[in-house]
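Colleague: Sharing a structure with you now.
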Amino acid sequence: MASLTAFLFRRRGSRLAAAVLTAFVALTTLPPAVHGQTAAAPVQANTESTRPRIGLVLSGGGARGYAHIGVLKMLERMRIPVDVIAATSMGAVVGGLYASGMRADALEQKLSQVDLSDIAFDRNDRAKLPQSLREDDFQYPIGLSAGYGNGNLKLPAGLVQGNRLLALLKNWTAQWPDNIDFSRLPIPFKAMATDLATGDGVILDHGSLPLAMRASMAVPGLFAPFEVGGRTLVDGGLVSNLPVQLARDMGADIIIAVNIGSDLERPEDLASPAAVTQQMITILVGQNVRAQKALLRGQDVLIEPQLSELSFTDFAKGPQGVRQGERAAQGVEAKLATLSLSPHAYAAYRATHEPQGTLVAGARIDAIDVTTSGRVPPARVRQLIKVREGDAYDAEALNRELSALATTGDFETVTQQLVEQNGVHTLKIDAHEKSWGNQFFLFGLGMSTNFDGRGAFNINLGHRYPWLTQSGLEWRNDIVLGSNRASIHTELRQPLWQARGFYVAPYAEYSRRRSDLYFDDQPPTRDAKPFNNLTIETARAGVDLGIPLGRKGELRLGVNYVRKTATFNYLQLIADESGNVVDATAVDTLRTQQPAFRAQLTLDQLDDPLFPRSGYYFYSSVEAGFGSPDKKFNTAQAKGLERVMHFPSVLQSKRDGETQTVSERRE
């Protein structure tokens, strides 16, 4: 957790980081868990063997936890048995998977096949998000938002909800029921967490294994707190980052403790407030680690990999962490060798610690119980998942559906558990709506320049009020205030066919923007100079039909009533119909109001709207006026991935059979 500070300052800014760290420091100063106060008396040797019971203790440390895998590989290579596991945070993730029957090589292989950084921080494939979320993401790329409820503005409890990590852990432990005693796992397992309400340590030893692993690594401020058994839990490292005493209480005679905590920096290297705050957190977490290390005895083994080049968030350097874990274990190989079993004895140990078949995979689902926490009706969740009563339980397929449900923007977390009671298998789906409000505000900032002294900026403000009714009605408002543009747009989106995403959207909008004018024969180069400048005001009210194009984009078709006015910002003399020179601002051909048809096409497959590395974006709009033969207009515009390209936008008026045209072009 030591590098969390720098990550927060880099990702979200100092003000948010300061708030997060204040909460973190307050929690870390609470008394340690009651389980780590005194050392328990040694437990007698296992009755099935003359060897001592060996307990493995794995500490927290984010991406540095890859080192645990290296230690496990070394233990397997040396034929050292593990009888119980006590772990915290990332150590609980590695330890829980290992306790469930996954060997070290398999664990390393699985982690190498996924981008754990994207998973841990809930970075979804943007191309798979609903178009409404991509629309917001494009307009508000910085991603700042706040909720509103009960008269107060609220922020999310964590920057990351952890839905993707939870789904991954559920997939990898799908063979185990969600109401299991962790002592029934191939290796008995317990995880440490912290009760956010009291500051007490909480031992997670039964229930859902993936939920326990997720709760144990809920780093305050970064990962949202997690509710288990009616208690709101956060990272166990706040009270016991190296739970030695917990392993003793589980019956371990000898402890192998792996500490991956961060080292303290030299005072001369603390060159920023972020570095000083990071040092403070390292000191506070280190206090409970030192207390637990003091409980180690002469026969116990302490392994501390050298991980100075790996930070809390360096998941991309996972293979390096594995190697460092192996090296650290090799450094105490002589002491570990005293715990090694013969090949025959180790084979017997492995045989008794293998998973005894799949316990729930393939079980028939007898009942489905869907719970939501707010406005979204349970029927909506049932509508979006394919599983039905009588189907075979397939955790991976179900988690894919629930992951898609979690990306709709309606929910904070979506979890599932298959619970068996009296021979009846009930699938429980719990969809928690966002806890920080039922209305949401979005904030964005845009700036641009053509590097010749001309630039522009926009401040974007958005408001979203989803699920005004049980049918899914949403109210959306957007305001843009900028140097060359100001606009306000309000609309209601009413789903027509929720399974397919069709909707109808009545709306009203007003915009005012400035646009440069160029001569038709003037080449569109960066050095081109406009001969005048227009202010274009548009007021429009209408209704659109929204048609989704899969997850590629959407098509909107509609009719509206529009009023447009174009005004020259500088004196512009032109010849009127009689050949007289007049001020162009007096010519009424630059004003029109009439009904119009409009079609808008959006295709958005960018991986990132702010700094795209792959994908494409295309938007086009075609509008044609009708019903007023003396003042007709047609407009067309398009935007591409690399630059904005506006096709000629034409205001036309017909008078006595003659057409006058003013065109604009903006690069």
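Order determines the names: the first chain of the structure tokens is A, the second B, and so forth; residues in each chain are numbered 1 upward, and ligands are numbered 1 upward as they are shown.
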Find the spatial neighbours of Ile260 (chain A), counting only C-alpha atoms, within a cut-off of 10 Å - ignore same-chain residues fewer than 6 positions away - and output them as an NGL selection string.

Modeller: :A and (1 or 58-68 or 90-91 or 241-242 or 303-308 or 321 or 325)

Colleague: Using backbone DSSP assignments, extract all alpha helix (DSSP H) residues from region 282-495 of chain A; output them as a ChimeraX atom specification.

Modeller: /A:282-293,318-331,333-337,343-352,378-384,395-406

Colleague: Need the shell around region 596-607 of chain A: protein/DNA/RNA residues with any atom at most 6 Å away, counting only C-alpha atoms. Skip same-chain ones fewer than 5 positions apart. Format as a ChimeraX atom specification?

Modeller: /A:126-127,552-560,612,614-626

Colleague: Which residues are near Ala157 (chain A)? Cut-off 9 Å, only C-alpha atoms, ignore same chain within fewer than 6 positions. Put them as JSON, numbers by chain.

Modeller: {"A": [220, 221, 222, 223, 224, 225, 435, 436]}
